[in-house]
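Visitor: The structure file my_file_21.txt (compact mmCIF, C-alpha atoms and all ligand atoms) is provided below.
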```
# COMPACT_ATOMS: atom_id res chain seq x y z
CA MET A 24 9.82 -23.64 1.43
CA ASN A 25 12.00 -21.39 -0.75
CA ILE A 26 10.47 -17.96 -1.11
CA LEU A 27 11.07 -15.06 -3.49
CA ILE A 28 9.71 -11.60 -2.68
CA LEU A 29 9.65 -9.01 -5.47
CA GLY A 30 10.33 -5.38 -4.54
CA SER A 31 12.81 -3.10 -2.83
CA GLY A 32 10.98 -0.90 -0.36
CA GLY A 33 9.99 -0.81 3.28
CA ARG A 34 6.94 -2.86 2.39
CA GLU A 35 9.12 -5.67 1.09
CA HIS A 36 11.50 -5.43 4.06
CA ALA A 37 8.53 -5.86 6.38
CA LEU A 38 7.17 -8.78 4.34
CA ALA A 39 10.60 -10.44 4.37
CA TRP A 40 10.95 -9.86 8.13
CA ALA A 41 7.58 -11.52 8.87
CA VAL A 42 8.03 -14.39 6.40
CA LYS A 43 11.51 -15.13 7.70
CA GLN A 44 10.19 -15.72 11.22
CA ASN A 45 8.01 -18.57 10.01
CA PRO A 46 9.78 -21.94 10.46
CA LYS A 47 8.36 -22.99 7.07
CA CYS A 48 10.65 -20.50 5.35
CA ASP A 49 13.91 -22.11 4.21
CA LYS A 50 15.63 -19.93 1.62
CA LEU A 51 14.48 -16.31 1.30
CA ILE A 52 15.46 -14.15 -1.68
CA VAL A 53 14.28 -10.60 -2.29
CA ALA A 54 14.68 -9.00 -5.71
CA PRO A 55 16.07 -6.46 -5.92
CA GLY A 56 15.95 -5.74 -2.15
CA ASN A 57 17.92 -3.06 -0.28
CA ALA A 58 20.56 -2.68 2.46
CA GLY A 59 18.17 -3.55 5.30
CA ILE A 60 16.71 -6.53 3.50
CA ALA A 61 20.22 -7.81 2.78
CA GLN A 62 20.67 -8.33 6.53
CA ILE A 63 17.93 -10.97 6.63
CA ALA A 64 17.70 -12.35 3.09
CA ASP A 65 19.67 -12.83 -0.10
CA CYS A 66 19.15 -10.00 -2.55
CA ALA A 67 19.16 -10.54 -6.30
CA ALA A 68 19.36 -7.91 -9.01
CA LEU A 69 16.50 -8.77 -11.34
CA ASP A 70 14.18 -6.94 -13.70
CA ILE A 71 11.06 -7.76 -11.71
CA ASN A 72 8.70 -6.31 -14.34
CA GLU A 73 9.79 -8.95 -16.89
CA GLY A 74 7.76 -12.11 -16.42
CA GLY A 75 10.19 -14.26 -18.40
CA VAL A 76 13.14 -13.12 -16.29
CA VAL A 77 11.31 -13.87 -13.05
CA VAL A 78 10.14 -17.28 -14.26
CA SER A 79 13.72 -18.26 -15.22
CA PHE A 80 15.07 -17.07 -11.88
CA VAL A 81 12.44 -19.07 -10.02
CA GLY A 82 13.46 -22.21 -11.92
CA GLU A 83 17.18 -21.71 -11.35
CA ASN A 84 16.74 -21.09 -7.63
CA ALA A 85 14.15 -23.76 -6.84
CA ILE A 86 11.67 -21.19 -5.57
CA ASP A 87 8.38 -22.61 -4.26
CA PHE A 88 6.46 -19.42 -3.62
CA VAL A 89 6.64 -15.88 -5.04
CA ILE A 90 5.20 -12.88 -3.21
CA VAL A 91 4.79 -9.79 -5.38
CA GLY A 92 5.17 -6.50 -3.47
CA PRO A 93 4.56 -3.56 -5.84
CA GLU A 94 1.83 -2.97 -8.42
CA ALA A 95 4.05 -2.53 -11.49
CA PRO A 96 4.95 -6.22 -12.01
CA LEU A 97 1.30 -7.14 -11.40
CA ALA A 98 0.11 -4.68 -14.03
CA GLU A 99 2.74 -6.18 -16.37
CA GLY A 100 1.31 -9.67 -15.92
CA VAL A 101 4.23 -11.14 -13.96
CA ALA A 102 1.85 -13.14 -11.74
CA ASP A 103 0.20 -14.60 -14.87
CA ARG A 104 3.55 -15.70 -16.30
CA LEU A 105 4.42 -17.40 -13.01
CA ARG A 106 1.06 -19.16 -12.77
CA GLU A 107 1.36 -20.34 -16.38
CA ALA A 108 4.72 -21.82 -15.42
CA GLY A 109 3.09 -23.66 -12.52
CA VAL A 110 4.64 -21.49 -9.80
CA LEU A 111 2.68 -20.65 -6.65
CA VAL A 112 2.34 -16.88 -6.53
CA PHE A 113 0.71 -14.30 -4.29
CA GLY A 114 -0.67 -11.45 -6.38
CA PRO A 115 -3.44 -10.83 -8.89
CA SER A 116 -3.45 -11.39 -12.64
CA GLU A 117 -2.91 -8.52 -15.04
CA ASP A 118 -6.67 -8.42 -15.70
CA ALA A 119 -7.52 -8.28 -11.99
CA ALA A 120 -4.76 -5.74 -11.34
CA ARG A 121 -6.80 -3.27 -13.36
CA LEU A 122 -8.55 -2.56 -10.06
CA GLU A 123 -5.52 -0.36 -9.43
CA ALA A 124 -4.28 0.28 -12.97
CA SER A 125 -7.57 1.76 -14.20
CA LYS A 126 -9.78 3.98 -12.08
CA SER A 127 -12.67 3.80 -14.58
CA PHE A 128 -12.51 0.00 -14.48
CA THR A 129 -12.91 0.03 -10.69
CA LYS A 130 -15.78 2.51 -10.86
CA GLU A 131 -17.54 0.33 -13.37
CA VAL A 132 -17.05 -2.78 -11.19
CA CYS A 133 -18.51 -0.79 -8.27
CA ASP A 134 -21.52 0.10 -10.42
CA ALA A 135 -22.03 -3.54 -11.33
CA ALA A 136 -21.76 -4.54 -7.65
CA ASN A 137 -23.85 -1.64 -6.40
CA ALA A 138 -20.97 -0.77 -4.04
CA PRO A 139 -21.02 2.67 -2.38
CA THR A 140 -18.43 5.03 -3.89
CA ALA A 141 -18.29 8.60 -5.22
CA GLY A 142 -20.45 9.41 -8.25
CA TYR A 143 -18.31 9.89 -11.37
CA GLY A 144 -17.95 10.53 -15.05
CA HIS A 145 -15.40 8.92 -17.38
CA PHE A 146 -13.97 11.04 -20.20
CA THR A 147 -11.71 10.62 -23.19
CA ASP A 148 -11.73 14.24 -24.29
CA ALA A 149 -11.10 17.50 -22.47
CA ASP A 150 -14.19 19.40 -23.62
CA ALA A 151 -16.63 16.85 -22.28
CA ALA A 152 -14.65 16.61 -19.02
CA LYS A 153 -14.73 20.39 -18.60
CA ALA A 154 -18.45 20.53 -19.31
CA HIS A 155 -18.93 17.97 -16.53
CA VAL A 156 -16.91 20.10 -14.10
CA ARG A 157 -18.87 23.24 -15.01
CA ALA A 158 -22.16 21.41 -14.61
CA ASN A 159 -21.22 19.99 -11.19
CA GLY A 160 -19.05 22.76 -9.70
CA ALA A 161 -16.35 22.43 -7.06
CA PRO A 162 -15.15 20.82 -4.89
CA ILE A 163 -14.59 18.01 -7.35
CA VAL A 164 -11.89 15.40 -7.91
CA VAL A 165 -10.01 14.92 -11.20
CA LYS A 166 -8.12 11.64 -11.68
CA ALA A 167 -5.87 10.31 -14.41
CA ASP A 168 -7.32 6.91 -15.26
CA GLY A 169 -4.04 4.96 -15.28
CA LEU A 170 -1.11 4.37 -12.92
CA ALA A 171 0.54 7.70 -12.12
CA ALA A 172 2.74 6.84 -9.13
CA GLY A 173 0.19 8.29 -6.71
CA LYS A 174 0.31 11.72 -8.38
CA GLY A 175 -2.63 11.47 -10.75
CA VAL A 176 -5.33 12.72 -8.37
CA ILE A 177 -6.25 16.39 -8.04
CA VAL A 178 -8.72 17.26 -5.31
CA ALA A 179 -9.93 20.61 -6.68
CA MET A 180 -11.50 22.98 -4.18
CA ASP A 181 -12.38 25.43 -6.98
CA GLU A 182 -13.52 25.01 -10.56
CA GLN A 183 -10.44 26.58 -12.18
CA THR A 184 -8.11 24.08 -10.48
CA ALA A 185 -10.21 21.24 -11.89
CA LEU A 186 -10.23 22.74 -15.40
CA ASP A 187 -6.44 23.23 -15.26
CA ALA A 188 -6.00 19.64 -14.09
CA ILE A 189 -8.01 18.42 -17.06
CA ASP A 190 -5.77 20.40 -19.43
CA ASP A 191 -2.67 18.98 -17.73
CA MET A 192 -3.88 15.41 -17.93
CA PHE A 193 -5.01 15.51 -21.55
CA GLY A 194 -1.87 17.54 -22.28
CA GLY A 195 0.23 14.53 -21.30
CA THR A 196 1.55 15.39 -17.81
CA PHE A 197 0.93 11.79 -16.79
CA GLY A 198 1.70 10.26 -20.16
CA GLY A 199 -0.64 7.46 -21.20
CA ALA A 200 -2.13 7.34 -17.69
CA GLY A 201 -3.90 10.66 -18.36
CA ALA A 202 -5.30 9.83 -21.79
CA GLU A 203 -8.55 9.05 -19.98
CA VAL A 204 -9.84 10.95 -17.00
CA VAL A 205 -12.29 10.10 -14.25
CA ILE A 206 -14.04 12.98 -12.51
CA GLU A 207 -15.53 12.22 -9.13
CA GLU A 208 -17.86 13.73 -6.64
CA PHE A 209 -15.87 15.06 -3.68
CA MET A 210 -16.43 12.89 -0.61
CA GLU A 211 -16.12 14.28 2.89
CA GLY A 212 -15.14 12.21 5.87
CA GLU A 213 -12.17 10.46 7.43
CA GLU A 214 -10.00 8.11 5.37
CA ALA A 215 -8.80 4.73 6.51
CA SER A 216 -7.80 1.54 4.81
CA LEU A 217 -8.73 -2.05 5.19
CA PHE A 218 -6.50 -4.90 4.01
CA VAL A 219 -8.22 -8.00 2.75
CA LEU A 220 -6.81 -11.25 1.44
CA VAL A 221 -8.75 -12.71 -1.45
CA ASP A 222 -8.29 -16.19 -2.92
CA GLY A 223 -10.57 -15.78 -5.90
CA GLU A 224 -13.74 -16.40 -3.91
CA GLU A 225 -13.18 -16.11 -0.18
CA VAL A 226 -12.13 -12.92 1.58
CA LEU A 227 -10.31 -12.47 4.90
CA SER A 228 -9.66 -9.14 6.58
CA ILE A 229 -6.13 -8.92 7.95
CA GLY A 230 -6.28 -5.50 9.52
CA THR A 231 -6.95 -1.81 9.29
CA ALA A 232 -4.57 1.13 9.06
CA GLN A 233 -4.38 4.86 8.52
CA ASP A 234 -1.51 6.68 6.91
CA HIS A 235 -0.40 10.30 6.80
CA LYS A 236 -0.06 11.37 3.20
CA ARG A 237 1.00 15.01 3.66
CA VAL A 238 4.64 15.83 4.25
CA GLY A 239 4.02 18.40 7.00
CA GLU A 240 2.88 18.19 10.59
CA GLY A 241 -0.86 18.57 11.14
CA ASP A 242 -1.33 16.89 7.72
CA THR A 243 -0.28 19.95 5.74
CA GLY A 244 1.89 20.50 2.66
CA PRO A 245 2.39 18.43 -0.48
CA ASN A 246 1.29 14.82 -0.83
CA THR A 247 3.77 11.99 -0.39
CA GLY A 248 3.62 8.22 -0.60
CA GLY A 249 2.96 8.26 3.16
CA MET A 250 4.96 9.73 6.06
CA GLY A 251 3.77 7.23 8.64
CA ALA A 252 0.97 4.84 9.49
CA TYR A 253 -0.63 3.01 12.35
CA SER A 254 -2.78 -0.04 12.87
CA PRO A 255 -5.52 -0.56 13.88
CA ALA A 256 -7.41 2.49 12.60
CA PRO A 257 -9.86 3.43 15.37
CA VAL A 258 -12.24 5.07 12.90
CA LEU A 259 -12.73 1.71 11.20
CA THR A 260 -14.84 0.14 13.94
CA PRO A 261 -15.82 -3.53 13.65
CA GLU A 262 -19.31 -2.43 12.55
CA ILE A 263 -17.98 -0.19 9.77
CA GLU A 264 -15.48 -2.85 8.73
CA ALA A 265 -18.31 -5.39 8.46
CA ARG A 266 -20.30 -2.97 6.32
CA ALA A 267 -17.30 -2.36 4.05
CA MET A 268 -16.82 -6.10 3.63
CA ASP A 269 -20.50 -6.80 2.96
CA GLU A 270 -21.32 -3.79 0.80
CA ILE A 271 -18.04 -3.18 -1.05
CA VAL A 272 -15.45 -5.96 -0.89
CA LYS A 273 -17.58 -9.09 -1.23
CA PRO A 274 -19.89 -7.85 -4.01
CA THR A 275 -17.02 -6.41 -6.09
CA MET A 276 -14.96 -9.57 -5.70
CA LYS A 277 -18.01 -11.55 -6.82
CA VAL A 278 -18.28 -9.39 -9.93
CA MET A 279 -14.59 -9.99 -10.68
CA ALA A 280 -15.06 -13.77 -10.40
CA GLU A 281 -18.19 -13.69 -12.55
CA ARG A 282 -16.27 -11.81 -15.22
CA GLY A 283 -13.66 -14.53 -15.37
CA MET A 284 -10.97 -12.49 -13.62
CA PRO A 285 -11.07 -13.75 -10.03
CA TYR A 286 -8.92 -11.65 -7.73
CA GLN A 287 -6.14 -13.35 -5.79
CA GLY A 288 -3.82 -11.43 -3.51
CA VAL A 289 -4.21 -8.58 -1.07
CA LEU A 290 -6.77 -5.90 -1.71
CA TYR A 291 -6.00 -2.47 -0.31
CA VAL A 292 -9.43 -0.99 0.34
CA GLY A 293 -9.18 2.80 0.65
CA LEU A 294 -12.33 4.03 2.40
CA MET A 295 -13.94 7.36 3.20
CA ILE A 296 -16.01 7.15 6.36
CA LYS A 297 -18.74 9.57 7.27
CA ASP A 298 -21.62 9.13 9.72
CA GLY A 299 -20.69 5.49 10.16
CA LEU A 300 -20.93 4.75 6.44
CA PRO A 301 -17.91 3.60 4.41
CA ARG A 302 -17.54 4.45 0.73
CA LEU A 303 -14.78 3.24 -1.56
CA VAL A 304 -12.11 5.80 -2.50
CA GLU A 305 -9.82 3.39 -4.30
CA TYR A 306 -8.59 -0.14 -4.58
CA ASN A 307 -4.91 -0.99 -4.75
CA VAL A 308 -3.80 -4.47 -5.69
CA ARG A 309 -0.91 -4.63 -3.20
CA PHE A 310 -0.11 -3.83 0.39
CA GLY A 311 0.15 -0.14 1.23
CA ASP A 312 3.58 1.28 1.89
CA PRO A 313 4.06 2.13 4.80
CA GLU A 314 0.81 0.43 5.94
CA CYS A 315 2.31 -3.00 5.31
CA GLN A 316 5.02 -2.31 7.88
CA VAL A 317 2.52 -1.93 10.72
CA LEU A 318 0.41 -4.87 9.55
CA MET A 319 3.45 -7.17 9.37
CA MET A 320 4.63 -6.06 12.79
CA ARG A 321 1.25 -7.10 14.18
CA LEU A 322 0.86 -10.33 12.23
CA GLY A 323 4.44 -11.64 12.45
CA ALA A 324 5.16 -15.17 11.25
CA GLN A 325 1.52 -16.07 10.54
CA ALA A 326 1.65 -13.65 7.59
CA LEU A 327 3.33 -16.37 5.53
CA ASP A 328 0.60 -18.92 6.31
CA LEU A 329 -2.08 -16.41 5.41
CA LEU A 330 -0.48 -15.32 2.12
CA GLN A 331 0.09 -18.94 1.20
CA ALA A 332 -3.53 -19.83 2.00
CA ALA A 333 -4.70 -17.00 -0.27
CA ALA A 334 -2.40 -18.15 -3.08
CA GLU A 335 -3.58 -21.76 -2.73
CA GLY A 336 -7.28 -20.90 -2.57
CA ARG A 337 -7.62 -22.07 1.02
CA LEU A 338 -8.90 -18.95 2.78
CA THR A 339 -12.17 -20.61 3.82
CA ASN A 340 -10.49 -22.21 6.80
CA ALA A 341 -7.89 -19.55 7.47
CA GLN A 342 -8.08 -17.18 10.40
CA VAL A 343 -5.99 -14.43 11.89
CA ASN A 344 -4.74 -14.82 15.44
CA TRP A 345 -5.01 -11.30 16.72
CA ALA A 346 -3.07 -9.85 19.60
CA GLU A 347 -4.64 -6.84 21.28
CA ASP A 348 -1.81 -4.64 20.11
CA HIS A 349 -1.10 -1.50 18.15
CA ALA A 350 1.72 -0.69 15.77
CA ILE A 351 3.04 2.53 14.31
CA THR A 352 5.64 3.39 11.71
CA VAL A 353 7.36 6.74 11.28
CA VAL A 354 8.97 7.48 7.93
CA MET A 355 12.37 9.15 7.80
CA ALA A 356 12.77 10.88 4.46
CA ALA A 357 15.64 12.68 2.77
CA ASN A 358 15.60 16.48 3.18
CA GLY A 359 13.67 17.97 0.26
CA TYR A 360 11.29 15.06 -0.23
CA PRO A 361 8.74 14.98 -1.89
CA GLY A 362 10.52 17.56 -4.06
CA SER A 363 14.08 16.98 -5.21
CA TYR A 364 16.23 15.59 -2.44
CA VAL A 365 19.83 14.73 -1.67
CA LYS A 366 21.02 11.20 -2.37
CA GLY A 367 23.92 9.17 -1.06
CA THR A 368 24.15 10.62 2.44
CA GLU A 369 25.31 8.34 5.24
CA ILE A 370 22.99 7.09 7.97
CA LYS A 371 24.66 6.24 11.28
CA GLY A 372 23.51 4.68 14.50
CA LEU A 373 21.46 1.84 13.03
CA ASP A 374 23.74 -0.92 14.32
CA ALA A 375 23.34 0.21 17.92
CA LEU A 376 19.53 -0.16 17.88
CA THR A 377 17.86 -3.04 19.64
CA GLU A 378 15.61 -4.68 17.10
CA ASP A 379 13.12 -7.37 18.11
CA SER A 380 9.52 -8.43 17.49
CA SER A 381 8.28 -5.07 18.78
CA ASN A 382 10.92 -2.69 17.42
CA MET A 383 12.19 -2.65 13.86
CA VAL A 384 13.68 -0.21 11.43
CA PHE A 385 12.56 -1.25 7.97
CA HIS A 386 14.63 0.10 5.10
CA ALA A 387 12.78 1.77 2.25
CA GLY A 388 15.50 3.45 0.20
CA THR A 389 19.01 2.46 1.24
CA LYS A 390 22.07 0.75 -0.10
CA ALA A 391 25.13 -0.68 1.63
CA GLU A 392 28.52 0.58 0.43
CA ASP A 393 31.93 0.05 2.06
CA GLY A 394 30.28 -0.95 5.32
CA LYS A 395 28.14 2.18 5.37
CA VAL A 396 24.40 2.56 4.92
CA LEU A 397 23.58 5.24 2.35
CA ALA A 398 20.22 6.87 1.65
CA THR A 399 19.17 6.32 -1.95
CA GLY A 400 15.48 7.22 -2.01
CA GLY A 401 13.06 9.91 -0.89
CA ARG A 402 11.47 7.80 1.80
CA VAL A 403 14.42 6.05 3.39
CA LEU A 404 13.62 4.39 6.73
CA ASN A 405 10.43 3.20 8.44
CA VAL A 406 10.92 3.22 12.18
CA THR A 407 8.30 0.78 13.40
CA ALA A 408 7.18 -0.29 16.87
CA ARG A 409 4.42 -2.18 18.58
CA GLY A 410 2.80 -1.59 21.95
CA SER A 411 -0.21 -2.45 24.05
CA ASP A 412 -1.70 0.84 22.96
CA LEU A 413 -0.91 3.38 20.28
CA GLN A 414 0.80 5.76 22.70
CA GLU A 415 3.23 3.07 23.86
CA ALA A 416 3.97 2.05 20.28
CA ARG A 417 4.53 5.65 19.33
CA ASP A 418 6.83 6.39 22.28
CA ARG A 419 8.93 3.36 21.34
CA ALA A 420 9.12 4.34 17.68
CA TYR A 421 10.28 7.89 18.39
CA ALA A 422 12.74 6.67 21.04
CA MET A 423 14.34 4.47 18.38
CA LEU A 424 14.21 7.20 15.78
CA ASP A 425 16.00 9.64 18.06
CA GLN A 426 19.01 7.31 18.20
CA ILE A 427 19.45 7.43 14.44
CA ASP A 428 22.14 9.84 13.33
CA TRP A 429 21.18 11.19 9.93
CA PRO A 430 21.31 15.00 9.68
CA GLU A 431 20.19 14.94 6.04
CA GLY A 432 16.90 13.27 6.93
CA PHE A 433 13.66 14.39 8.57
CA CYS A 434 10.42 12.97 9.90
CA ARG A 435 7.04 14.13 11.12
CA ARG A 436 6.81 14.18 14.93
CA ASP A 437 3.02 13.81 15.01
CA ILE A 438 2.33 10.44 13.40
CA GLY A 439 -0.84 9.01 14.92
CA TRP A 440 -2.22 12.32 16.18
CA ARG A 441 -5.73 11.74 14.86
CA ALA A 442 -6.02 8.50 16.76
CA LEU A 443 -4.50 9.68 20.04
P1 LIG B 501 -6.60 7.82 -4.89
O1 LIG B 501 -5.28 7.68 -5.57
O2 LIG B 501 -7.78 7.56 -5.75
O3 LIG B 501 -6.66 7.13 -3.58
O4 LIG B 501 -6.68 9.35 -4.43
C1 LIG B 501 -5.67 9.92 -3.64
C2 LIG B 501 -6.29 10.70 -2.50
O5 LIG B 501 -7.16 11.70 -3.02
C3 LIG B 501 -7.16 9.87 -1.60
O6 LIG B 501 -6.41 9.22 -0.63
C4 LIG B 501 -8.08 10.91 -1.03
O7 LIG B 501 -7.45 11.62 0.03
C5 LIG B 501 -8.28 11.85 -2.16
N1 LIG B 501 -9.49 11.51 -2.91
C6 LIG B 501 -9.60 10.66 -3.96
N2 LIG B 501 -10.86 10.57 -4.39
C7 LIG B 501 -11.59 11.40 -3.61
C8 LIG B 501 -12.97 11.77 -3.59
N3 LIG B 501 -13.86 11.29 -4.48
N4 LIG B 501 -13.36 12.64 -2.64
C9 LIG B 501 -12.48 13.17 -1.76
N5 LIG B 501 -11.17 12.86 -1.75
C10 LIG B 501 -10.72 11.99 -2.66
N1 LIG B 502 0.52 4.60 1.56
C1 LIG B 502 -0.33 4.66 0.43
C2 LIG B 502 -0.12 3.61 -0.58
O1 LIG B 502 0.63 2.68 -0.41
O2 LIG B 502 -0.73 3.70 -1.64
```
Starting from the file, give its structure as structure tokens.
Guide:
Amino acid sequence: MNILILGSGGREHALAWAVKQNPKCDKLIVAPGNAGIAQIADCAALDINEGGVVVSFVGENAIDFVIVGPEAPLAEGVADRLREAGVLVFGPSEDAARLEASKSFTKEVCDAANAPTAGYGHFTDADAAKAHVRANGAPIVVKADGLAAGKGVIVAMDEQTALDAIDDMFGGTFGGAGAEVVIEEFMEGEEASLFVLVDGEEVLSIGTAQDHKRVGEGDTGPNTGGMGAYSPAPVLTPEIEARAMDEIVKPTMKVMAERGMPYQGVLYVGLMIKDGLPRLVEYNVRFGDPECQVLMMRLGAQALDLLQAAAEGRLTNAQVNWAEDHAITVVMAANGYPGSYVKGTEIKGLDALTEDSSNMVFHAGTKAEDGKVLATGGRVLNVTARGSDLQEARDRAYAMLDQIDWPEGFCRRDIGWRAL
């Protein structure tokens, strides 16, 4: 089977690493890929948000299966173009991808499915939004409706912050994404995520994870895309997971199918858990990054069989073969991230690392140049390890990380602290 993975981050490196271990995988191409991915797959420069370009590439390279990593191509309808061309693809249609691309759409699907989530209002003008904030008081959460690269959510602990956020959003800070605003009840609790494969009708949980969104130790400082993650998430007990599946995932997926937009792909189910009850914070229509890295480390080669079963509508008979293991990933980021950061610095010491099925450094933002590995992004490396418990996984990850020679990078030393 010839496989094309779309994307260039640590998520796609981890997907490529798992897929490549499956004997079914013949040729593996990642577009556009990065320096780490280039060590295990061919990389191709391609505009992955252009359906026509991807369809042509698939034809020219005899690709049998396309796995879409990030949300942008999905929101652009790339999966639809591939399906129309008769290509097997893992990832939802543009319509179904609105579960991530529009917060008000997801809230409305939750209403229709009676799925537990924060109460909300949906606004297209600032005055009405502000009146809602004044009527409800703080804390309250203000969200740009559209895709805003993870920056469109303001958790306002006081009313003025919420009012300012409304002005910012309608003032165009997030471009078109902020032309509509969703204002939500503030939910207390502990956050965790559940990853579920969906084939249009059937659902299959493939693991739980928690990430650390804040840049600083003790979960302080500005928000990032995620400074580390671990799987499983102890707070998501089997009982709570079952509730989330029965009360949130299954009924909302049923609504999607009934509306003629069946969901196919992975559903990232962001949950807030309090007193044993899960409520939906958000859906994403892709794997989390860096959550994918820990999930792939735990699933290994079977990931390809599972993704293929979802794409082919065969999840009814699929099952996950679980090992009783734990995985953790620690992000190394460029100094300054998530603010402005230095680019192009050299990372040394990677070649000397022992990488195997329990220890991997996934590349998130690197490029190879003149035999050197250079940092090109904010989040640059995902140092990932597996162990029989979280402590063992964590010790292994930091032991690897400490061999990496990159003075212009930093990491958090406390990934996993909540669970340990
Ligand atoms: P989202 O992009 O919707 O996941 O929001 C980003 C982050 O904001 C979440 O991971 C939560 O930490 C926080 N958040 C979003 N919605 C709420 C809410 N209704 N109550 C409390 N925190 C929230
Ligand atoms: N790590 C959070 C996300 O992928 O959205």
Visitor: Taking all atoms listed in the file into account, report as a PyMOL selection string which residues have an atom no farther than 7 Å from an atom of ligand LIG 501 (chain B).
Guide: chain A and resi 141+164+173+175-178+207-211+214+293+304-305
Visitor: Using all atoms listed in the file, tabulate the residues of chain A lying at most 8 Å from any atom of ligand LIG 502 (chain B), each with its closest atom pair and that distance in Å to one decimal, by chain and increasing residue number, as CSV.
Guide:
```
residue,atom,partner,partner_atom,distance
A:Gly173,CA,B:LIG502,O2,6.9
A:Asp234,CA,B:LIG502,N1,6.1
A:His235,CA,B:LIG502,N1,7.8
A:Lys236,CA,B:LIG502,N1,7.0
A:Gly248,CA,B:LIG502,N1,5.2
A:Gly249,CA,B:LIG502,N1,4.7
A:Ala252,CA,B:LIG502,N1,7.9
A:Asn307,CA,B:LIG502,O2,7.0
A:Arg309,CA,B:LIG502,O1,8.0
A:Phe310,CA,B:LIG502,O1,6.6
A:Gly311,CA,B:LIG502,O1,3.3
A:Asp312,CA,B:LIG502,O1,4.0
A:Pro313,CA,B:LIG502,N1,5.4
A:Glu314,CA,B:LIG502,N1,6.1
```
Visitor: Within 10 Å of range 427-435 of chain A, counting all atoms listed in the file, which residues show up once you throw out same-chain ones fewer than 4 positions away? Write them as number ranges by chain, please.
Guide: A: 235, 237-242, 250-251, 353-360, 364-376, 397-398, 401-406, 421-423
Visitor: Please determine, counting all atoms listed in the file, which residue among A:Gly336, A:Pro361, A:Gly194, A:Gly144 has the shortest atom-to-atom distance to Leu111 in chain A.
Guide: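 Between A:Gly336, A:Pro361, A:Gly194, A:Gly144, the residue approaching Leu111 in chain A most closely is A:Gly336.
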Visitor: Interatomic distance between CA of Val343 in chain A and CA of Leu220 in chain A?
Guide: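 Spanning CA of Val343 in chain A to CA of Leu220 in chain A is a straight-line distance of 11.0 Å.
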Visitor: Check the smallest atom-to-atom distance from each of A:Ala172, A:Ile438, A:Met295, A:Ile351 to Asp412 in chain A using all atoms listed in the file, then report the winner.
Guide: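 Closest candidate: A:Ile351.
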Visitor: Return the single residue from A:Ser228, A:Gln44, A:Gln62, A:Gln342 that is closest to His386 in chain A, with distances computed using only C-alpha atoms.
Guide: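 Looking only at the distances to His386 in chain A, the closest residue turns out to be A:Gln62.
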Visitor: Excluding range 317-333 of chain A and its own-chain neighbours fewer than 6 positions away, which residues fall within 9 Å of it when counting only C-alpha atoms? Please give them as a PyMOL selection string.
Guide: chain A and resi 34+37-38+40-48+88+90+111-113+218+220-223+225-227+229-232+252-255+287-289+339-346+348-352+380-383+407-409
Visitor: What does the distance between CA of Phe193 in chain A and CA of Ala171 in chain A come to in Å, to one decimal place?
Guide: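 Pair CA of Phe193 in chain A / CA of Ala171 in chain A returns 13.4 Å.
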Visitor: Work out how far CA of Asn25 in chain A is from CA of Asp49 in chain A, in Å to one decimal.
Guide: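 Interatomic distance, CA of Asp49 in chain A to CA of Asn25 in chain A: 5.4 Å.
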Visitor: Which of these residues is nearest to Glu213 in chain A, using all atoms listed in the file: A:Leu303, A:Met279, A:Val110, A:Ile163?
Guide: A:Leu303
Visitor: Taking (-13.0, -1.1, 12.7) in the file's coordinates, which residues come within 12 Å, counting all atoms listed in the file, written as a PyMOL selection string?
Guide: chain A and resi 215-218+228-233+254-268+294+296+299-301
